Each structure stands twice: as structure tokens, then as C-alpha cells.
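Q: Provided below: my_file_37.cif, containing mmCIF, C-alpha atoms.
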```
data_start
#
loop_
_atom_site.label_atom_id
_atom_site.label_comp_id
_atom_site.auth_asym_id
_atom_site.auth_seq_id
_atom_site.Cartn_x
_atom_site.Cartn_y
_atom_site.Cartn_z
CA MET A 19 4.61 -19.92 15.90
CA ASN A 20 3.92 -20.87 12.30
CA ALA A 21 5.09 -23.97 10.49
CA SER A 22 8.13 -22.32 8.94
CA GLU A 23 9.28 -20.98 12.31
CA SER A 24 9.07 -24.44 13.85
CA GLY A 25 11.35 -25.86 11.16
CA HIS A 26 8.62 -27.59 9.10
CA ASP A 27 7.44 -26.72 5.61
CA THR A 28 3.92 -25.43 5.16
CA GLU A 29 3.35 -27.84 2.26
CA THR A 30 2.96 -31.57 2.65
CA PRO A 31 6.25 -33.26 1.71
CA ILE A 32 6.04 -35.50 -1.33
CA ALA A 33 8.39 -38.33 -2.19
CA ALA A 34 8.15 -40.75 -5.10
CA GLY A 35 4.57 -39.78 -5.78
CA GLY A 36 3.29 -40.34 -2.23
CA LEU A 37 2.32 -38.13 0.68
CA LEU A 38 4.32 -38.35 3.87
CA TYR A 39 3.72 -37.64 7.55
CA ARG A 40 3.90 -34.14 9.05
CA GLY A 41 2.47 -34.71 12.54
CA THR A 42 0.82 -31.29 12.72
CA GLY A 43 -2.69 -32.62 13.32
CA ASP A 44 -3.94 -31.80 9.81
CA VAL A 45 -5.62 -34.55 7.78
CA LEU A 46 -4.92 -35.26 4.12
CA PRO A 47 -7.50 -34.14 1.54
CA ASP A 48 -10.45 -36.44 0.95
CA VAL A 49 -9.08 -38.25 -2.11
CA PRO A 50 -10.72 -41.64 -2.85
CA TYR A 51 -8.78 -44.57 -1.44
CA GLU A 52 -8.25 -46.17 -4.86
CA GLU A 53 -6.73 -42.97 -6.30
CA ARG A 54 -4.19 -42.29 -3.59
CA THR A 55 -0.49 -42.96 -4.13
CA TRP A 56 2.14 -44.19 -1.73
CA PRO A 57 5.92 -43.64 -1.73
CA GLU A 58 7.93 -46.43 -3.29
CA GLY A 59 10.04 -48.58 -1.00
CA PRO A 60 13.41 -50.24 -1.60
CA ARG A 61 13.47 -53.02 -4.16
CA TRP A 62 14.36 -55.52 -1.45
CA ARG A 63 11.32 -54.43 0.57
CA THR A 64 8.79 -54.86 -2.25
CA PHE A 65 5.95 -57.35 -1.78
CA ASN A 66 3.50 -58.78 -4.30
CA GLY A 67 0.50 -60.08 -2.39
CA GLY A 68 -2.98 -59.80 -3.85
CA PRO A 69 -5.65 -59.32 -4.89
CA CYS A 70 -6.04 -55.98 -3.13
CA LEU A 71 -8.69 -55.73 -0.43
CA PRO A 72 -11.23 -52.91 -0.19
CA ALA A 73 -10.49 -49.79 1.83
CA PRO A 74 -10.23 -50.55 5.56
CA PRO A 75 -12.89 -49.31 7.97
CA GLU A 76 -12.64 -46.12 9.98
CA ASP A 77 -13.48 -45.61 13.64
CA ASP A 78 -13.55 -42.76 16.16
CA GLU A 79 -10.67 -44.04 18.27
CA PRO A 80 -8.22 -41.32 17.09
CA ASP A 81 -10.69 -38.60 18.07
CA ARG A 82 -11.17 -40.20 21.47
CA ARG A 83 -7.45 -40.46 22.10
CA LEU A 84 -6.17 -37.32 20.40
CA GLY A 85 -9.10 -34.91 20.47
CA PRO A 86 -11.01 -33.57 17.46
CA VAL A 87 -9.34 -33.04 14.11
CA GLY A 88 -7.86 -29.58 13.66
CA ALA A 89 -6.08 -29.12 16.97
CA GLU A 90 -2.75 -27.44 16.28
CA ARG A 91 0.37 -29.42 17.07
CA GLN A 92 4.07 -28.80 16.56
CA PRO A 93 5.68 -32.25 16.43
CA PRO A 94 9.31 -32.90 17.38
CA ASP A 95 11.61 -33.04 14.38
CA ALA A 96 12.76 -36.53 15.36
CA GLU A 97 9.19 -37.84 15.23
CA VAL A 98 8.54 -36.57 11.71
CA ARG A 99 11.96 -37.65 10.48
CA LEU A 100 11.77 -41.21 11.78
CA VAL A 101 8.13 -41.86 10.87
CA ASN A 102 8.82 -40.88 7.28
CA ALA A 103 12.03 -42.94 7.22
CA ALA A 104 10.05 -45.95 8.45
CA ILE A 105 7.45 -45.39 5.72
CA LEU A 106 10.07 -45.11 2.98
CA LEU A 107 12.19 -48.03 4.19
CA ARG A 108 9.25 -50.29 5.09
CA ARG A 109 10.72 -50.88 8.54
CA PRO A 110 9.10 -51.13 12.00
CA LEU A 111 9.40 -48.19 14.37
CA LEU A 112 10.44 -49.00 17.95
CA VAL A 113 9.15 -46.19 20.17
CA SER A 114 10.60 -46.07 23.68
CA GLY A 115 10.02 -43.79 26.63
CA ARG A 116 8.70 -43.56 30.14
CA PRO A 117 5.16 -44.88 30.76
CA GLY A 118 2.52 -42.24 30.05
CA VAL A 119 4.47 -39.99 27.67
CA GLY A 120 2.18 -40.78 24.72
CA LYS A 121 4.06 -43.45 22.77
CA SER A 122 0.98 -45.31 21.54
CA ALA A 123 -0.68 -42.05 20.46
CA LEU A 124 1.82 -41.86 17.60
CA ALA A 125 0.10 -44.75 15.80
CA TYR A 126 -3.23 -42.93 15.94
CA ARG A 127 -1.72 -39.66 14.72
CA ILE A 128 -0.20 -41.45 11.71
CA ALA A 129 -3.42 -43.31 10.86
CA ARG A 130 -5.61 -40.21 11.13
CA GLU A 131 -3.35 -37.80 9.27
CA LEU A 132 -2.62 -40.19 6.39
CA ARG A 133 -6.19 -41.58 6.41
CA LEU A 134 -5.14 -45.22 6.63
CA GLY A 135 -8.18 -46.56 8.47
CA ARG A 136 -8.56 -47.87 11.98
CA VAL A 137 -5.43 -48.75 13.93
CA LEU A 138 -4.86 -52.46 14.47
CA GLN A 139 -3.84 -52.69 18.12
CA TRP A 140 -2.00 -55.73 19.48
CA PRO A 141 -1.43 -55.42 23.25
CA VAL A 142 1.41 -57.70 24.35
CA THR A 143 1.49 -59.63 27.63
CA SER A 144 3.71 -62.35 29.05
CA ARG A 145 1.39 -64.95 27.45
CA THR A 146 1.44 -63.41 23.97
CA THR A 147 2.77 -65.58 21.14
CA LEU A 148 3.42 -64.84 17.50
CA GLU A 149 0.61 -67.18 16.44
CA SER A 150 -1.93 -65.39 18.67
CA GLY A 151 -1.18 -62.17 16.83
CA LEU A 152 -1.52 -63.87 13.44
CA PHE A 153 -4.69 -65.98 13.81
CA GLU A 154 -6.82 -68.12 16.10
CA TYR A 155 -8.46 -71.37 15.02
CA ASP A 156 -11.47 -72.53 17.03
CA VAL A 157 -11.07 -76.24 16.33
CA ILE A 158 -13.35 -77.23 19.23
CA GLY A 159 -16.11 -74.91 18.03
CA ARG A 160 -15.86 -76.37 14.54
CA ALA A 161 -16.10 -79.92 15.88
CA GLN A 162 -19.13 -79.06 18.01
CA ALA A 163 -20.85 -77.33 15.08
CA GLY A 164 -20.23 -80.39 12.90
CA GLN A 165 -21.65 -82.75 15.49
CA ALA A 166 -24.74 -80.59 15.92
CA TRP A 167 -25.29 -80.47 12.15
CA TYR A 168 -24.95 -84.23 11.65
CA ALA A 169 -27.26 -84.85 14.60
CA ALA A 170 -29.87 -82.59 13.02
CA GLN A 171 -29.61 -84.43 9.70
CA ALA A 172 -30.11 -87.77 11.44
CA ARG A 173 -33.41 -86.70 13.03
CA PRO A 174 -36.47 -87.91 11.08
CA GLY A 175 -39.03 -85.51 9.69
CA THR A 176 -36.71 -82.68 8.69
CA PRO A 177 -38.96 -79.79 7.54
CA GLY A 178 -38.94 -79.10 3.84
CA ASP A 179 -37.93 -75.49 4.31
CA ALA A 180 -34.73 -76.73 5.99
CA GLU A 181 -33.54 -78.71 2.95
CA PRO A 182 -31.65 -75.79 1.34
CA GLU A 183 -29.77 -75.38 4.61
CA ALA A 184 -28.98 -79.09 4.67
CA ALA A 185 -27.18 -78.87 1.35
CA HIS A 186 -24.34 -76.97 3.00
CA ALA A 187 -22.97 -78.01 6.39
CA PRO A 188 -22.28 -75.03 8.69
CA THR A 189 -18.75 -76.29 9.33
CA ASP A 190 -16.81 -74.28 6.75
CA ILE A 191 -13.34 -73.92 8.20
CA GLY A 192 -13.22 -70.19 7.46
CA ASP A 193 -16.06 -69.58 9.90
CA PHE A 194 -13.77 -70.72 12.72
CA ILE A 195 -10.61 -68.78 11.85
CA GLN A 196 -10.09 -65.24 13.10
CA LEU A 197 -7.04 -63.26 12.01
CA GLY A 198 -5.38 -61.26 14.76
CA PRO A 199 -4.16 -57.66 14.46
CA LEU A 200 -0.75 -58.76 13.19
CA GLY A 201 -2.26 -61.17 10.68
CA THR A 202 -4.76 -58.56 9.45
CA ALA A 203 -2.04 -55.94 9.00
CA LEU A 204 -0.22 -58.25 6.56
CA LEU A 205 -3.23 -58.81 4.32
CA PRO A 206 -2.81 -57.43 0.77
CA HIS A 207 -4.05 -53.88 1.32
CA ARG A 208 -3.44 -51.27 -1.35
CA LEU A 209 -2.17 -48.80 1.24
CA PRO A 210 -0.46 -49.85 4.47
CA ARG A 211 -2.37 -50.51 7.65
CA VAL A 212 -1.11 -49.01 10.91
CA LEU A 213 -0.25 -51.72 13.44
CA LEU A 214 0.35 -50.81 17.08
CA ILE A 215 2.28 -53.50 18.99
CA ASP A 216 1.86 -52.15 22.50
CA GLU A 217 4.47 -52.78 25.21
CA ILE A 218 6.48 -55.37 23.34
CA ASP A 219 8.97 -55.65 26.18
CA LYS A 220 6.29 -57.37 28.29
CA GLY A 221 6.17 -60.32 25.89
CA ASP A 222 8.04 -63.58 25.94
CA VAL A 223 11.79 -63.26 25.47
CA ASP A 224 11.53 -65.04 22.09
CA LEU A 225 8.82 -62.78 20.63
CA PRO A 226 11.15 -60.18 19.04
CA ASN A 227 13.15 -62.93 17.33
CA ASP A 228 9.91 -64.60 16.20
CA LEU A 229 8.92 -61.35 14.49
CA LEU A 230 12.17 -61.09 12.53
CA THR A 231 11.33 -63.50 9.71
CA LEU A 232 7.76 -62.25 9.49
CA PHE A 233 8.83 -58.62 9.11
CA GLU A 234 11.56 -59.57 6.66
CA ASP A 235 9.45 -61.78 4.38
CA GLY A 236 6.03 -60.12 4.69
CA TRP A 237 4.01 -63.36 4.56
CA TYR A 238 2.84 -66.20 6.78
CA SER A 239 0.95 -69.49 6.57
CA VAL A 240 -2.28 -70.58 8.24
CA PRO A 241 -1.61 -74.33 8.72
CA PRO A 242 -5.30 -75.39 9.02
CA LEU A 243 -5.94 -73.82 5.60
CA VAL A 244 -2.78 -75.29 4.06
CA ARG A 245 -4.06 -78.75 4.98
CA VAL A 246 -7.35 -78.23 3.11
CA LYS A 247 -6.06 -76.23 0.13
CA ARG A 248 -6.81 -79.04 -2.36
CA GLN A 249 -10.46 -79.20 -1.35
CA SER A 250 -10.77 -75.45 -0.65
CA PRO A 251 -8.12 -73.39 -2.49
CA THR A 252 -9.68 -70.11 -1.33
CA VAL A 253 -11.18 -69.73 2.13
CA VAL A 254 -12.85 -66.62 3.50
CA VAL A 255 -11.91 -65.91 7.12
CA HIS A 256 -12.74 -63.28 9.72
CA THR A 257 -10.27 -60.43 10.29
CA ALA A 258 -9.45 -58.19 13.25
CA ASP A 259 -11.69 -55.49 11.75
CA PRO A 260 -15.22 -55.85 13.19
CA GLY A 261 -17.58 -57.44 10.66
CA ARG A 262 -14.90 -57.78 7.97
CA THR A 263 -13.69 -60.90 6.16
CA ALA A 264 -10.87 -61.63 3.73
CA PRO A 265 -10.05 -64.45 1.29
CA ILE A 266 -6.93 -66.53 1.87
CA VAL A 267 -5.55 -68.44 -1.12
CA GLU A 268 -3.93 -71.85 -0.53
CA GLY A 269 -3.40 -71.12 3.14
CA HIS A 270 -0.91 -68.25 2.69
CA VAL A 271 -1.23 -64.53 3.45
CA ARG A 272 1.09 -62.23 1.51
CA ALA A 273 1.45 -58.50 2.11
CA ARG A 274 1.23 -56.06 -0.75
CA THR A 275 2.28 -52.91 1.11
CA PHE A 276 4.23 -53.41 4.32
CA PRO A 277 2.28 -52.02 7.29
CA ILE A 278 3.39 -49.06 9.37
CA VAL A 279 4.41 -50.87 12.54
CA VAL A 280 4.67 -48.87 15.77
CA MET A 281 6.10 -50.95 18.62
CA THR A 282 6.13 -49.30 22.05
CA SER A 283 8.59 -50.12 24.80
CA ASN A 284 8.88 -48.87 28.37
CA GLY A 285 12.58 -49.73 28.41
CA GLU A 286 12.08 -52.67 30.76
CA ARG A 287 14.52 -54.93 28.92
CA GLU A 288 17.09 -55.14 26.15
CA PHE A 289 16.23 -56.50 22.70
CA PRO A 290 18.37 -58.75 20.49
CA GLU A 291 20.78 -56.95 18.18
CA ALA A 292 19.30 -58.63 15.09
CA PHE A 293 15.88 -57.27 16.04
CA LEU A 294 17.16 -53.74 16.68
CA ARG A 295 19.04 -53.74 13.39
CA ARG A 296 15.77 -54.12 11.52
CA CYS A 297 13.99 -51.32 13.40
CA LEU A 298 14.14 -47.55 13.47
CA ARG A 299 14.30 -46.26 17.04
CA LEU A 300 12.47 -43.22 18.38
CA ASP A 301 12.86 -42.11 21.99
CA VAL A 302 9.92 -40.04 23.25
CA PRO A 303 10.98 -37.56 25.97
CA ASP A 304 8.72 -36.27 28.71
CA PRO A 305 6.39 -33.62 27.21
CA ASP A 306 7.43 -30.02 27.83
CA PRO A 307 4.95 -27.25 28.79
CA GLN A 308 4.21 -26.46 25.14
CA ALA A 309 3.37 -30.07 24.32
CA LEU A 310 1.20 -30.35 27.42
CA GLY A 311 -0.60 -27.14 26.45
CA GLU A 312 -1.31 -28.56 22.99
CA LEU A 313 -2.62 -31.75 24.58
CA VAL A 314 -5.00 -29.91 26.89
CA ALA A 315 -6.16 -27.58 24.11
CA ALA A 316 -6.85 -30.55 21.80
CA HIS A 317 -9.30 -32.06 24.28
CA PHE A 318 -10.78 -29.01 25.99
CA GLY A 319 -10.42 -26.11 23.56
CA ASP A 320 -11.16 -22.80 25.31
CA ARG A 321 -13.30 -24.29 28.07
CA LEU A 322 -10.53 -23.95 30.66
CA GLY A 323 -10.02 -20.22 30.14
CA ASP A 324 -6.86 -19.07 31.92
CA ILE A 325 -6.53 -22.24 34.01
CA PRO A 326 -4.19 -24.30 31.74
CA ARG A 327 -1.05 -22.24 32.31
CA GLU A 328 -1.26 -22.51 36.10
CA LEU A 329 -2.40 -26.14 35.92
CA ILE A 330 0.50 -27.13 33.68
CA ARG A 331 2.97 -25.31 35.90
CA ASP A 332 1.68 -27.16 38.98
CA PHE A 333 1.69 -30.44 37.04
CA MET A 334 5.33 -30.00 36.05
CA MET A 335 6.31 -29.29 39.66
CA ARG A 336 4.35 -32.27 40.93
CA SER A 337 5.81 -34.51 38.21
CA GLU A 338 9.31 -33.62 39.34
CA GLU A 339 8.41 -34.41 42.94
CA ALA A 340 6.81 -37.75 42.00
CA HIS A 341 9.67 -38.73 39.65
CA GLY A 342 7.44 -38.54 36.60
CA LEU A 343 3.69 -38.40 35.95
CA ALA A 344 1.67 -39.50 32.91
CA ALA A 345 0.14 -36.96 30.56
CA ASP A 346 -3.34 -38.40 31.06
CA GLN A 347 -3.07 -37.45 34.74
CA LEU A 348 -3.00 -33.83 33.58
CA LEU A 349 -6.09 -34.44 31.45
CA ASN A 350 -7.86 -35.91 34.48
CA ALA A 351 -7.15 -32.73 36.43
CA ALA A 352 -8.32 -30.58 33.52
CA HIS A 353 -11.61 -32.47 33.40
CA LEU A 354 -12.11 -31.94 37.14
CA ALA A 355 -11.43 -28.24 36.64
CA THR A 356 -14.21 -28.03 34.04
CA SER A 357 -16.68 -30.20 35.96
CA GLY A 358 -17.82 -27.44 38.32
CA ALA A 359 -17.36 -29.73 41.31
CA TYR A 360 -14.14 -28.05 42.43
CA SER A 361 -12.85 -24.51 42.45
CA SER A 362 -9.40 -23.04 42.93
CA THR A 363 -10.74 -19.85 44.50
CA ALA A 364 -9.40 -18.76 47.88
CA GLY A 365 -12.12 -20.52 49.89
CA ASP A 366 -11.79 -23.87 48.13
CA ASP A 367 -8.07 -23.86 47.36
CA ALA A 368 -7.14 -26.42 50.03
CA GLU A 369 -9.74 -28.91 48.79
CA TRP A 370 -8.63 -28.41 45.18
CA ARG A 371 -4.99 -28.96 46.11
CA ALA A 372 -5.89 -32.14 47.99
CA VAL A 373 -7.76 -33.45 44.95
CA LEU A 374 -4.83 -32.66 42.67
CA ARG A 375 -2.40 -34.54 44.87
CA SER A 376 -4.73 -37.54 44.79
CA VAL A 377 -5.06 -37.42 41.01
CA TRP A 378 -1.36 -36.75 40.52
CA HIS A 379 -0.19 -39.76 42.51
CA PRO A 380 3.24 -41.30 41.80
CA LEU A 381 3.22 -43.96 39.10
CA THR A 382 5.35 -46.22 41.27
CA GLY A 383 2.44 -46.72 43.67
CA GLU A 384 4.35 -45.10 46.51
CA THR A 385 2.74 -42.42 48.66
CA ASP A 386 4.88 -39.47 49.65
CA GLU A 387 4.83 -37.74 53.01
CA ALA A 388 2.70 -34.84 51.78
CA ASP A 389 -0.01 -37.26 50.64
CA GLN A 390 0.02 -38.99 54.01
CA ARG A 391 -0.37 -35.70 55.86
CA ALA A 392 -3.25 -34.70 53.54
#
```
Translate this structure into C-alpha cells?

A:
Amino acid sequence: MNASESGHDTETPIAAGGLLYRGTGDVLPDVPYEERTWPEGPRWRTFNGGPCLPAPPEDDEPDRRLGPVGAERQPPDAEVRLVNAAILLRRPLLVSGRPGVGKSALAYRIARELRLGRVLQWPVTSRTTLESGLFEYDVIGRAQAGQAWYAAQARPGTPGDAEPEAAHAPTDIGDFIQLGPLGTALLPHRLPRVLLIDEIDKGDVDLPNDLLTLFEDGWYSVPPLVRVKRQSPTVVVHTADPGRTAPIVEGHVRARTFPIVVMTSNGEREFPEAFLRRCLRLDVPDPDPQALGELVAAHFGDRLGDIPRELIRDFMMRSEEAHGLAADQLLNAAHLATSGAYSSTAGDDAEWRAVLRSVWHPLTGETDEADQRA
């Protein structure tokens, strides 16, 4: 099936001078970061942070999660529609669905296709707070470093080659501040960063409400830097990107382009109405045989030969029996099929079936009667 038959145009959609998401697996042309345009947002969602930071780093995480670039994919219409609406409206995208259906993969597809750099991933737990996503300040480490430096200065006979070091105490406050994924995403980037807030429904009940003002205003303060802004108006801090730093002026971080925020939810709880009103909601259904075939082909290419069709059929049957399996359980079986350790030929069929039932175990942790007999 070609792009026109699937209901999608063959050309990349363009709006307000910027390229939008198609979800097909193709990657935008290699245009320099500084020359690329981005669709304009609503006037009330315009931000003016600056100065702009350099292009963000890349990593190989999308290839690891999605397979190599170039694998064909026919995305659901709802996915393309809502991702582009979130881009144009500068609103977070709340992605819900059963565990294992590939909700978090959406963030990596967006980042790779639109060439927006590495995904900033913020996994949420019951102990997660808004501040932990914004920044961490190692006040104890700074105090210890200061004590060690002053103790070294008090020792007699300081070597001459150490005098240049002595002119600057290694207690600069920026050395002890690390921006989190959320804080890094709101730095003044020229193009938006992709922020994955994973399993937001596992967080504290107040976390969604805490995010409301941040998403609405697009800026936040770093109180330790606000307190020293007279002595140090600009402080360079570490970011969530490995080896990267960024300047913060007068203790405030202001976004320039609102990030593409993908928040995943397993549907374990209800969210406040005010929070939902500011999000676009995408429900990811269980993948059908075509989507599963695309997933297997993306990671294994032609190495499986004629196995995928039968494997996917058995996976769908087993998923129905187990009240839902995760897509990565199918990938595990596909890897075993290519490993050479097992065979589905007549002589080894029983062993292969036993292995599949072990790999395709219910996600609830329960063991069915067939597994017990095996």
C-alpha cells in the first residue's frame, strides 16, 4: 500500500513555513539546524527566552528502540493528526493505552523524523516531584568542596604552580546545579526539544497540577541562582544532555520554543479537569497484525524469512488468551527464532511452543493452566 492509499500525502505537509510530522519512518532532509523553520504557534503560546542555545546532541536511542532508519510504517491517522495539532498549538500530548503498546516510542519517532536531537526522558515514580524534573542542587557537595579548598589554602608551602588555581575557588555554584529533563526541555532552544514524561499516572497526585503553571508560562526559577544574581548575574550550569552546559541569567530559565511534550499514561488513575483541558489526548490501541509486522520488519528485516506471519498469528492468539501481551514480547520471540537455538520443525515443535509460552507470559504475573502443565 502506498502513501496515497493509506490516506496520507506523499509530500511532507507544510504549515506556516515549518515541516510537520508524518510518522512514516522517513527522516527530514539534512538541512542545517540554524536554517530550519518551525510552524508558528498561537500568539498566546509565544515565548521569548534567549539567547538561543546550539543544536542539541544526537544519540542512537531511536535506532535502538525503533530499528534502523528507513523501515516503512503506516501510522494511524489519529497519531499524525494529534501530533501535528500539539506542535501547532504548543500543547502537551497525553498518550494513554495498555502497557506495552508502544506509547513511549512515539516520542522517539517524532524526534528522529523531525531531527530534533536526543529525547529528554523523565521517568515518573511515586517519589517524583516537579523540582526533581527541573533541577538538582548539590548543596552538600558545594560545601564540602569549599571546605577542602580553604583547607588547602591554609596549608603552608603551597607550590608555585598551584597559585593560578588558587585565584579561583572551585566552588562556583553552577558546578553543583544539574538541570533535569524537564528543566532542560524549557531552555531557549531554537527548535523544540522532545520531552518524554513516562508513566505520569505513577507520580504524586499533585504532580499534574504542579505542571499546569509551568506548561502555561514556559519559564521557571532556580532559587539558588536567584539568591546570587547580584554577584553572579549569569551562571553556567550542567544540563540533562551528557557533557552539555547552559547559561542561566538572573536565576530564570525561559523557553523560546515550547517543547514537544509526550506524557504516557497506563490509565491507572483520573487526572484533574484543568490538566486535561490543557492537553491533547491520544489513545493508542493494541497493535494489529499489520503494525506488528512493521515492528518486526523494522528490527529484523528479511532475516526471519516466512516466519513472521505464523509468529504474529500465534502471538495474537496468545495475547487474547493472556488478556493482552506487550509488543516487545513478540520481538523477544523473533530474536529467539533467529538465534538458531530453537526450531519450529516437526521434531522440535514441542520445545519451541514451550519456549513461546514462557516468553509470552501474562503481564499480570498470573500463570495459566497450560503453563502449569508445561

Q: Check what the PyMOL selection byres ((chain A and resi 258-268) around 6) selects in the file above and give those residues as a list in words.

A: Leu197, Gly198, Pro199, Val244, Lys247, Pro251, Thr252, Val253, Val254, Val255, His256, Thr257, Gly269 and His270 of chain A

Q: I need the residue nearest A:Leu100 from this list: A:Leu374, A:Leu152, A:Leu298, A:Leu205. Use all atoms listed in the file for the distance.

A: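 Smallest distance to A:Leu100 is found for A:Leu298.
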
Q: Give me, as JSON lines, the closest atom pair and its distance (Å, one decimal) for every residue of stretch 243-333 of chain A within a cut-off of 10 Å of stretch 128-151 of chain A, counting only C-alpha atoms, rows sorted by chain and rising number.

A:
```
{"residue": "A:Ala258", "atom": "CA", "partner": "A:Leu138", "partner_atom": "CA", "distance": 7.4}
{"residue": "A:Asp259", "atom": "CA", "partner": "A:Leu138", "partner_atom": "CA", "distance": 8.0}
{"residue": "A:Ile278", "atom": "CA", "partner": "A:Ile128", "partner_atom": "CA", "distance": 8.7}
{"residue": "A:Val279", "atom": "CA", "partner": "A:Leu138", "partner_atom": "CA", "distance": 9.6}
{"residue": "A:Val280", "atom": "CA", "partner": "A:Gln139", "partner_atom": "CA", "distance": 9.6}
{"residue": "A:Met281", "atom": "CA", "partner": "A:Trp140", "partner_atom": "CA", "distance": 9.4}
{"residue": "A:Thr282", "atom": "CA", "partner": "A:Pro141", "partner_atom": "CA", "distance": 9.8}
```

Q: Between atom CA of A:Pro93 and atom CA of A:Gly41, measure the distance and give it in Å to one decimal.

A: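 Atom CA of A:Pro93 sits 5.6 Å away from atom CA of A:Gly41.
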
Q: So what does the PyMOL selection byres ((chain A and resi 78) around 12) actually pick up in this one, as a PyMOL selection string?

A: chain A and resi 75-77+79-87+126+129-130+135-137

Q: Print the selection's residues with C-alpha atoms to a file, as an mmCIF file, keeping the file's coordinate frame.

A:
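After the write, selection_4.cif holds the following:
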```
data_model
loop_
_atom_site.group_PDB
_atom_site.id
_atom_site.type_symbol
_atom_site.label_atom_id
_atom_site.label_comp_id
_atom_site.auth_asym_id
_atom_site.auth_seq_id
_atom_site.Cartn_x
_atom_site.Cartn_y
_atom_site.Cartn_z
ATOM 1 C CA PRO A 75 -12.890 -49.310 7.970
ATOM 2 C CA GLU A 76 -12.640 -46.120 9.980
ATOM 3 C CA ASP A 77 -13.480 -45.610 13.640
ATOM 4 C CA GLU A 79 -10.670 -44.040 18.270
ATOM 5 C CA PRO A 80 -8.220 -41.320 17.090
ATOM 6 C CA ASP A 81 -10.690 -38.600 18.070
ATOM 7 C CA ARG A 82 -11.170 -40.200 21.470
ATOM 8 C CA ARG A 83 -7.450 -40.460 22.100
ATOM 9 C CA LEU A 84 -6.170 -37.320 20.400
ATOM 10 C CA GLY A 85 -9.100 -34.910 20.470
ATOM 11 C CA PRO A 86 -11.010 -33.570 17.460
ATOM 12 C CA VAL A 87 -9.340 -33.040 14.110
ATOM 13 C CA TYR A 126 -3.230 -42.930 15.940
ATOM 14 C CA ALA A 129 -3.420 -43.310 10.860
ATOM 15 C CA ARG A 130 -5.610 -40.210 11.130
ATOM 16 C CA GLY A 135 -8.180 -46.560 8.470
ATOM 17 C CA ARG A 136 -8.560 -47.870 11.980
ATOM 18 C CA VAL A 137 -5.430 -48.750 13.930
#
```
